[in-house]
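A.B. asks: I am sharing upload-v3.cif, which consists of mmCIF, C-alpha atoms:
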```cif
data_upload
#
loop_
_atom_site.label_atom_id
_atom_site.label_comp_id
_atom_site.auth_asym_id
_atom_site.auth_seq_id
_atom_site.Cartn_x
_atom_site.Cartn_y
_atom_site.Cartn_z
CA MET A 1313 -11.11 -30.84 108.28
CA GLN A 1314 -8.97 -32.24 105.50
CA GLY A 1315 -10.92 -35.52 105.47
CA ARG A 1316 -14.17 -33.63 104.94
CA LYS A 1317 -12.73 -31.81 101.95
CA HIS A 1318 -11.72 -35.14 100.40
CA ALA A 1319 -15.24 -36.48 100.95
CA GLN A 1320 -16.77 -33.38 99.41
CA ALA A 1321 -14.48 -33.51 96.38
CA THR A 1322 -15.23 -37.22 95.96
CA ALA A 1323 -18.97 -36.54 96.23
CA LEU A 1324 -18.74 -33.87 93.53
CA VAL A 1325 -16.87 -36.22 91.17
CA VAL A 1326 -19.24 -39.12 91.88
CA GLY A 1327 -22.25 -36.87 91.30
CA VAL A 1328 -20.95 -35.64 87.96
CA VAL A 1329 -20.14 -39.21 86.87
CA VAL A 1330 -23.57 -40.51 87.95
CA VAL A 1331 -25.52 -37.78 86.14
CA SER A 1332 -23.28 -38.02 83.07
CA LEU A 1333 -23.82 -41.78 82.85
CA ALA A 1334 -27.58 -41.27 83.26
CA LEU A 1335 -27.56 -38.79 80.40
CA LEU A 1336 -25.50 -41.18 78.25
CA ARG A 1337 -27.95 -43.97 79.05
CA ALA A 1338 -30.88 -41.72 78.12
CA ILE A 1339 -29.46 -41.20 74.64
CA GLY A 1340 -28.62 -44.88 74.27
CA VAL A 1341 -24.83 -44.80 74.61
CA VAL A 1342 -24.63 -46.70 77.93
CA SER A 1343 -26.52 -49.81 78.95
CA PHE A 1344 -26.83 -51.36 82.38
CA ALA A 1345 -28.02 -54.78 81.31
CA LEU A 1346 -25.29 -56.59 83.28
CA VAL A 1347 -25.06 -54.10 86.15
CA GLY A 1348 -26.87 -54.25 89.47
CA ILE A 1349 -27.69 -56.44 92.40
CA SER A 1350 -29.43 -59.49 91.02
CA GLU A 1351 -29.70 -63.21 91.75
CA ASP A 1352 -27.23 -64.11 89.00
CA GLY A 1353 -25.20 -60.89 88.88
CA SER A 1354 -21.44 -60.56 88.77
CA TRP A 1355 -19.20 -58.77 91.26
CA TRP A 1356 -18.36 -56.24 88.58
CA GLY A 1357 -22.07 -55.52 88.20
CA ARG A 1358 -22.41 -55.08 91.96
CA LEU A 1359 -19.47 -52.67 92.10
CA ALA A 1360 -20.88 -50.60 89.23
CA HIS A 1361 -24.52 -50.48 90.36
CA PRO A 1362 -24.32 -47.23 92.40
CA PHE A 1363 -23.16 -45.34 89.31
CA LEU A 1364 -25.94 -46.30 86.88
CA HIS A 1365 -29.58 -45.26 87.16
CA VAL A 1366 -32.86 -46.03 85.47
CA GLY A 1367 -33.34 -42.41 84.44
CA VAL A 1368 -31.88 -38.93 84.64
CA LEU A 1369 -34.40 -37.79 87.28
CA HIS A 1370 -33.54 -40.83 89.42
CA ALA A 1371 -29.83 -39.97 89.15
CA CYS A 1372 -30.36 -36.28 89.92
CA LEU A 1373 -32.48 -36.99 93.01
CA ASN A 1374 -29.94 -39.47 94.36
CA VAL A 1375 -27.04 -37.09 93.73
CA TYR A 1376 -28.92 -34.17 95.30
CA VAL A 1377 -29.52 -36.04 98.57
CA PHE A 1378 -25.97 -37.45 98.47
CA TRP A 1379 -24.52 -33.96 98.17
CA GLN A 1380 -26.78 -32.63 100.94
CA LEU A 1381 -25.52 -35.31 103.30
CA VAL A 1382 -21.84 -34.88 102.43
CA PHE A 1383 -21.88 -31.09 102.53
CA PHE A 1384 -24.05 -30.57 105.62
CA PHE A 1385 -22.83 -33.36 107.91
CA PRO A 1386 -19.28 -34.08 109.09
CA LEU A 1387 -18.74 -37.06 106.81
CA ARG A 1388 -15.32 -38.18 105.72
CA LEU A 1389 -14.07 -40.27 102.84
CA ARG A 1390 -14.06 -43.40 105.04
CA HIS A 1391 -17.81 -42.93 105.61
CA LEU A 1392 -18.41 -42.80 101.87
CA LEU A 1393 -16.34 -45.95 101.38
CA LEU A 1394 -18.23 -47.71 104.16
CA ALA A 1395 -21.55 -46.72 102.57
CA PHE A 1396 -20.37 -47.98 99.18
CA PHE A 1397 -19.22 -51.28 100.73
CA VAL A 1398 -22.54 -51.84 102.50
CA ALA A 1399 -24.53 -51.01 99.36
CA VAL A 1400 -22.61 -53.37 97.08
CA THR A 1401 -22.63 -56.27 99.55
CA CYS A 1402 -26.38 -56.28 100.20
CA PRO A 1403 -27.75 -59.81 99.66
CA ALA A 1404 -29.81 -60.07 96.48
CA SER A 1405 -32.72 -61.66 98.34
CA ILE A 1406 -33.02 -58.56 100.54
CA ALA A 1407 -32.39 -56.09 97.72
CA LEU A 1408 -35.08 -57.64 95.51
CA TRP A 1409 -37.57 -58.44 98.28
CA SER A 1410 -40.08 -55.62 97.83
CA LEU A 1411 -39.73 -55.61 94.06
CA SER A 1412 -40.70 -59.27 93.94
CA LEU A 1413 -43.92 -58.46 95.85
CA TRP A 1414 -45.25 -56.41 92.95
CA HIS A 1415 -43.26 -57.37 89.85
CA THR A 1416 -42.59 -61.09 89.72
CA ALA A 1417 -40.95 -61.08 86.29
CA ALA A 1418 -39.47 -57.57 86.32
CA ALA A 1419 -37.70 -57.81 89.68
CA SER A 1420 -34.31 -58.74 88.31
CA GLN A 1421 -31.88 -56.03 89.42
CA VAL A 1422 -31.31 -53.03 91.67
CA VAL A 1423 -29.28 -50.04 90.47
CA GLY A 1424 -28.62 -46.56 91.79
CA LEU A 1425 -26.76 -44.45 94.33
CA SER A 1426 -29.65 -44.63 96.78
CA GLY A 1427 -28.13 -47.53 98.72
CA VAL A 1428 -25.11 -45.37 99.53
CA VAL A 1429 -27.45 -42.50 100.40
CA TYR A 1430 -29.50 -44.65 102.79
CA VAL A 1431 -26.39 -45.91 104.57
CA LEU A 1432 -25.32 -42.30 105.07
CA LEU A 1433 -28.85 -41.38 106.24
CA GLY A 1434 -28.56 -44.13 108.84
CA TRP A 1435 -25.11 -42.90 109.83
CA VAL A 1436 -26.26 -39.32 110.46
CA VAL A 1437 -29.38 -40.21 112.51
CA SER A 1438 -27.46 -39.62 115.74
CA MET A 1439 -26.36 -36.18 114.51
CA VAL A 1440 -29.88 -34.93 113.81
CA THR A 1441 -31.66 -32.89 116.48
CA ARG A 1442 -35.10 -34.43 115.93
CA ARG A 1443 -34.18 -38.07 115.39
CA TRP A 1444 -37.70 -39.48 115.55
CA ARG A 1445 -38.97 -37.03 112.96
CA PHE A 1446 -35.99 -37.81 110.77
CA CYS A 1447 -36.56 -41.58 111.07
CA LEU A 1448 -40.28 -41.15 110.42
CA SER A 1449 -39.55 -39.22 107.24
CA VAL A 1450 -37.23 -42.02 106.07
CA MET A 1451 -39.96 -44.55 106.91
CA ALA A 1452 -42.49 -42.46 104.97
CA TRP A 1453 -40.24 -42.64 101.90
CA LEU A 1454 -39.90 -46.40 102.34
CA ILE A 1455 -43.68 -46.82 102.64
CA PHE A 1456 -44.22 -44.61 99.60
CA GLY A 1457 -41.71 -46.73 97.70
CA ALA A 1458 -43.49 -49.92 98.75
CA LEU A 1459 -46.82 -48.52 97.53
CA VAL A 1460 -45.33 -47.40 94.23
CA GLY A 1461 -43.90 -50.88 93.80
CA THR A 1462 -40.90 -50.00 91.67
CA VAL A 1463 -38.62 -49.01 94.56
CA ALA A 1464 -36.29 -51.54 96.20
CA VAL A 1465 -37.59 -50.98 99.71
CA GLY A 1466 -35.79 -54.03 101.11
CA PHE A 1467 -32.50 -52.65 99.78
CA HIS A 1468 -33.12 -49.16 101.16
CA GLY A 1469 -34.24 -50.45 104.55
CA TYR A 1470 -31.24 -52.77 104.79
CA CYS A 1471 -28.84 -49.92 103.95
CA PHE A 1472 -30.51 -47.53 106.41
CA LEU A 1473 -30.36 -50.05 109.27
CA ALA A 1474 -26.78 -50.97 108.36
CA GLY A 1475 -25.84 -47.28 108.54
CA ILE A 1476 -27.40 -46.96 111.99
CA GLY A 1477 -25.64 -50.16 113.11
CA ALA A 1478 -22.28 -49.00 111.74
CA LYS A 1479 -22.60 -45.70 113.60
CA ILE A 1480 -23.47 -47.50 116.87
CA ILE A 1481 -20.52 -49.86 116.47
CA ASN A 1482 -18.20 -46.97 115.64
CA ASN A 1483 -19.04 -45.02 118.79
#
```
Can I see the file as structure tokens?
C.D. replies:
Amino acid sequence: MQGRKHAQATALVVGVVVVSLALLRAIGVVSFALVGISEDGSWWGRLAHPFLHVGVLHACLNVYVFWQLVFFFPLRLRHLLLAFFVAVTCPASIALWSLSLWHTAAASQVVGLSGVVYVLLGWVVSMVTRRWRFCLSVMAWLIFGALVGTVAVGFHGYCFLAGIGAKIINN
């Protein structure tokens, strides 16, 4: 049980940091020009990308789902670290794939906590009672994101499948 408490405390801190940085970005104090997964990005930018968001609503939605996963499923700190590792090591060609379909010039970077969230969604698939419905709802969000055109569907799909794969390997 102790490991779950550490994960929950970490999730609370991460959530507060993410939303605070989004608010600071909204008022112009923080910039994420060099942060994110991009073709010419730095490792520092990759490591920082889950903490910066395009907007406050984007940050709040990611944090909300992140907290739901951490507080309602038996996730431990090692699961959060695994999800972070998968999200920051996603190849840029996969992360930018769907963005480049719609926005040839604008598809330069991917930022946000959603990669970590999708890895955790993949991890908990085996814990959900109605797995097919759960997977279909994730697919619906990916399709919606592809239609909107501003969502990194390749990145989210990669993270979701990596989470499922990590769970299978771990069992």
A.B. asks: Give me the result of the PyMOL selection byres ((chain A and resi 1320) around 9) on this file, residue by residue, as a VMD selection string.
C.D. replies: chain A and resid 1315 to 1319 1321 to 1325 1379 1382 to 1383 1387 to 1389
A.B. asks: Compile the contact shell of A:Thr1401 as an MDAnalysis selection string: residues with an atom at most 10 Å away, counting only C-alpha atoms, same-chain residues fewer than 4 positions apart removed.
C.D. replies: chainID A and resid 1349 1355 1358:1359 1396:1397 1407 1471
A.B. asks: What separation in Å, quoted to one decimal, exists between atom CA of A:Lys1479 and atom CA of A:Leu1425?
C.D. replies: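 Separating atom CA of A:Lys1479 from atom CA of A:Leu1425 is a distance of 19.8 Å.
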A.B. asks: Looking at all atoms listed in the file, which of A:Ala1360, A:Ala1478, A:Val1330, A:Ala1458 is the one that sits closest to A:Arg1390?
C.D. replies: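 The shortest atom-to-atom distance to A:Arg1390 comes from A:Ala1478.
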A.B. asks: For A:Val1400, find every residue with an atom within 12 Å (counting only C-alpha atoms), except residues of its own chain fewer than 3 positions away, and show them as a count of residues only.
C.D. replies: 34
A.B. asks: Here is a test: counting only C-alpha atoms, which residue of A:Leu1381, A:Ala1334, A:Val1341, A:Val1460 is nearest to A:Val1368?
C.D. replies: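 Checking each candidate against A:Val1368, we get A:Ala1334 as the closest.
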A.B. asks: Excluding stretch 1444-1456 of chain A and any residue of its chain fewer than 2 positions from it, enumerate the residues within 12 Å of it, using only C-alpha atoms, and give them as a PyMOL selection string.
C.D. replies: chain A and resi 1410+1426+1429-1442+1458-1473+1476
A.B. asks: Using only C-alpha atoms, give me every residue within 12 Å of (-31.4, -36.9, 88.9) in file coordinates, as a PyMOL selection string.
C.D. replies: chain A and resi 1327-1335+1338+1363-1379+1424-1426
A.B. asks: Enter the distance from atom CA of A:Pro1386 to atom CA of A:Val1398, in Å, rounded to one decimal.
C.D. replies: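 Atom-to-atom, atom CA of A:Pro1386 and atom CA of A:Val1398 are spaced 19.2 Å apart.
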A.B. asks: Specify the axis-aligned box that encloses all atoms of stretch 1452-1464 of chain A listed in the file after padding of 3 Å on each side, stating its centre and edge lengths in Å to one decimal as lines of an AutoDock Vina configuration file.
C.D. replies:
```
center_x = -41.6
center_y = -47.0
center_z = 98.3
size_x = 16.5
size_y = 15.1
size_z = 19.3
```
A.B. asks: Do you have the atom CA of A:Gly1457-atom CA of A:Gly1477 distance handy?
C.D. replies: 22.5 Å
A.B. asks: Since the input lacks some atoms of stretch 1338-1349 of chain A, please model all heavy atoms and print them as a PDB file, in the coordinates of the input.
C.D. replies:
```pdb
ATOM      1  N   ALA A1338     -29.652 -42.261  78.694  1.00  0.00           N
ATOM      2  CA  ALA A1338     -30.880 -41.720  78.120  1.00  0.00           C
ATOM      3  C   ALA A1338     -30.803 -41.591  76.602  1.00  0.00           C
ATOM      4  O   ALA A1338     -31.805 -41.762  75.912  1.00  0.00           O
ATOM      5  CB  ALA A1338     -31.208 -40.366  78.753  1.00  0.00           C
ATOM      6  N   ILE A1339     -29.606 -41.318  76.096  1.00  0.00           N
ATOM      7  CA  ILE A1339     -29.460 -41.200  74.640  1.00  0.00           C
ATOM      8  C   ILE A1339     -29.009 -42.516  73.999  1.00  0.00           C
ATOM      9  O   ILE A1339     -28.759 -42.576  72.808  1.00  0.00           O
ATOM     10  CB  ILE A1339     -28.509 -40.049  74.248  1.00  0.00           C
ATOM     11  CG1 ILE A1339     -27.106 -40.261  74.817  1.00  0.00           C
ATOM     12  CG2 ILE A1339     -29.082 -38.714  74.689  1.00  0.00           C
ATOM     13  CD1 ILE A1339     -26.085 -39.249  74.321  1.00  0.00           C
ATOM     14  N   GLY A1340     -28.900 -43.552  74.810  1.00  0.00           N
ATOM     15  CA  GLY A1340     -28.620 -44.880  74.270  1.00  0.00           C
ATOM     16  C   GLY A1340     -27.160 -45.263  74.136  1.00  0.00           C
ATOM     17  O   GLY A1340     -26.848 -46.278  73.523  1.00  0.00           O
ATOM     18  N   VAL A1341     -26.259 -44.497  74.722  1.00  0.00           N
ATOM     19  CA  VAL A1341     -24.830 -44.800  74.610  1.00  0.00           C
ATOM     20  C   VAL A1341     -24.397 -45.843  75.642  1.00  0.00           C
ATOM     21  O   VAL A1341     -23.539 -46.672  75.377  1.00  0.00           O
ATOM     22  CB  VAL A1341     -23.993 -43.509  74.758  1.00  0.00           C
ATOM     23  CG1 VAL A1341     -22.507 -43.802  74.751  1.00  0.00           C
ATOM     24  CG2 VAL A1341     -24.360 -42.526  73.667  1.00  0.00           C
ATOM     25  N   VAL A1342     -25.001 -45.803  76.831  1.00  0.00           N
ATOM     26  CA  VAL A1342     -24.630 -46.700  77.930  1.00  0.00           C
ATOM     27  C   VAL A1342     -25.809 -47.612  78.238  1.00  0.00           C
ATOM     28  O   VAL A1342     -26.956 -47.179  78.226  1.00  0.00           O
ATOM     29  CB  VAL A1342     -24.241 -45.881  79.193  1.00  0.00           C
ATOM     30  CG1 VAL A1342     -23.994 -46.781  80.384  1.00  0.00           C
ATOM     31  CG2 VAL A1342     -23.025 -45.027  78.917  1.00  0.00           C
ATOM     32  N   SER A1343     -25.504 -48.862  78.539  1.00  0.00           N
ATOM     33  CA  SER A1343     -26.520 -49.810  78.950  1.00  0.00           C
ATOM     34  C   SER A1343     -26.150 -50.365  80.320  1.00  0.00           C
ATOM     35  O   SER A1343     -24.975 -50.449  80.661  1.00  0.00           O
ATOM     36  CB  SER A1343     -26.615 -50.957  77.951  1.00  0.00           C
ATOM     37  OG  SER A1343     -27.457 -51.971  78.436  1.00  0.00           O
ATOM     38  N   PHE A1344     -27.138 -50.748  81.098  1.00  0.00           N
ATOM     39  CA  PHE A1344     -26.830 -51.360  82.380  1.00  0.00           C
ATOM     40  C   PHE A1344     -27.418 -52.757  82.474  1.00  0.00           C
ATOM     41  O   PHE A1344     -27.803 -53.226  83.524  1.00  0.00           O
ATOM     42  CB  PHE A1344     -27.256 -50.481  83.562  1.00  0.00           C
ATOM     43  CG  PHE A1344     -28.738 -50.220  83.658  1.00  0.00           C
ATOM     44  CD1 PHE A1344     -29.575 -51.108  84.307  1.00  0.00           C
ATOM     45  CD2 PHE A1344     -29.265 -49.074  83.133  1.00  0.00           C
ATOM     46  CE1 PHE A1344     -30.925 -50.860  84.424  1.00  0.00           C
ATOM     47  CE2 PHE A1344     -30.618 -48.813  83.231  1.00  0.00           C
ATOM     48  CZ  PHE A1344     -31.448 -49.707  83.870  1.00  0.00           C
ATOM     49  N   ALA A1345     -27.433 -53.443  81.361  1.00  0.00           N
ATOM     50  CA  ALA A1345     -28.020 -54.780  81.310  1.00  0.00           C
ATOM     51  C   ALA A1345     -27.323 -55.755  82.264  1.00  0.00           C
ATOM     52  O   ALA A1345     -27.971 -56.604  82.856  1.00  0.00           O
ATOM     53  CB  ALA A1345     -27.970 -55.308  79.885  1.00  0.00           C
ATOM     54  N   LEU A1346     -26.035 -55.656  82.435  1.00  0.00           N
ATOM     55  CA  LEU A1346     -25.290 -56.590  83.280  1.00  0.00           C
ATOM     56  C   LEU A1346     -24.900 -55.980  84.627  1.00  0.00           C
ATOM     57  O   LEU A1346     -24.118 -56.565  85.356  1.00  0.00           O
ATOM     58  CB  LEU A1346     -24.037 -57.065  82.547  1.00  0.00           C
ATOM     59  CG  LEU A1346     -24.289 -57.773  81.220  1.00  0.00           C
ATOM     60  CD1 LEU A1346     -22.975 -58.080  80.529  1.00  0.00           C
ATOM     61  CD2 LEU A1346     -25.118 -59.027  81.413  1.00  0.00           C
ATOM     62  N   VAL A1347     -25.435 -54.814  84.935  1.00  0.00           N
ATOM     63  CA  VAL A1347     -25.060 -54.100  86.150  1.00  0.00           C
ATOM     64  C   VAL A1347     -26.214 -54.155  87.149  1.00  0.00           C
ATOM     65  O   VAL A1347     -27.370 -54.053  86.772  1.00  0.00           O
ATOM     66  CB  VAL A1347     -24.709 -52.632  85.830  1.00  0.00           C
ATOM     67  CG1 VAL A1347     -24.432 -51.851  87.092  1.00  0.00           C
ATOM     68  CG2 VAL A1347     -23.522 -52.581  84.893  1.00  0.00           C
ATOM     69  N   GLY A1348     -25.867 -54.313  88.423  1.00  0.00           N
ATOM     70  CA  GLY A1348     -26.870 -54.250  89.470  1.00  0.00           C
ATOM     71  C   GLY A1348     -26.779 -55.418  90.419  1.00  0.00           C
ATOM     72  O   GLY A1348     -26.008 -56.354  90.225  1.00  0.00           O
ATOM     73  N   ILE A1349     -27.584 -55.340  91.458  1.00  0.00           N
ATOM     74  CA  ILE A1349     -27.690 -56.440  92.400  1.00  0.00           C
ATOM     75  C   ILE A1349     -28.805 -57.335  91.884  1.00  0.00           C
ATOM     76  O   ILE A1349     -29.951 -56.909  91.776  1.00  0.00           O
ATOM     77  CB  ILE A1349     -28.007 -55.940  93.816  1.00  0.00           C
ATOM     78  CG1 ILE A1349     -26.850 -55.088  94.340  1.00  0.00           C
ATOM     79  CG2 ILE A1349     -28.276 -57.113  94.758  1.00  0.00           C
ATOM     80  CD1 ILE A1349     -27.095 -54.482  95.696  1.00  0.00           C
TER      81      ILE A1349
END
```
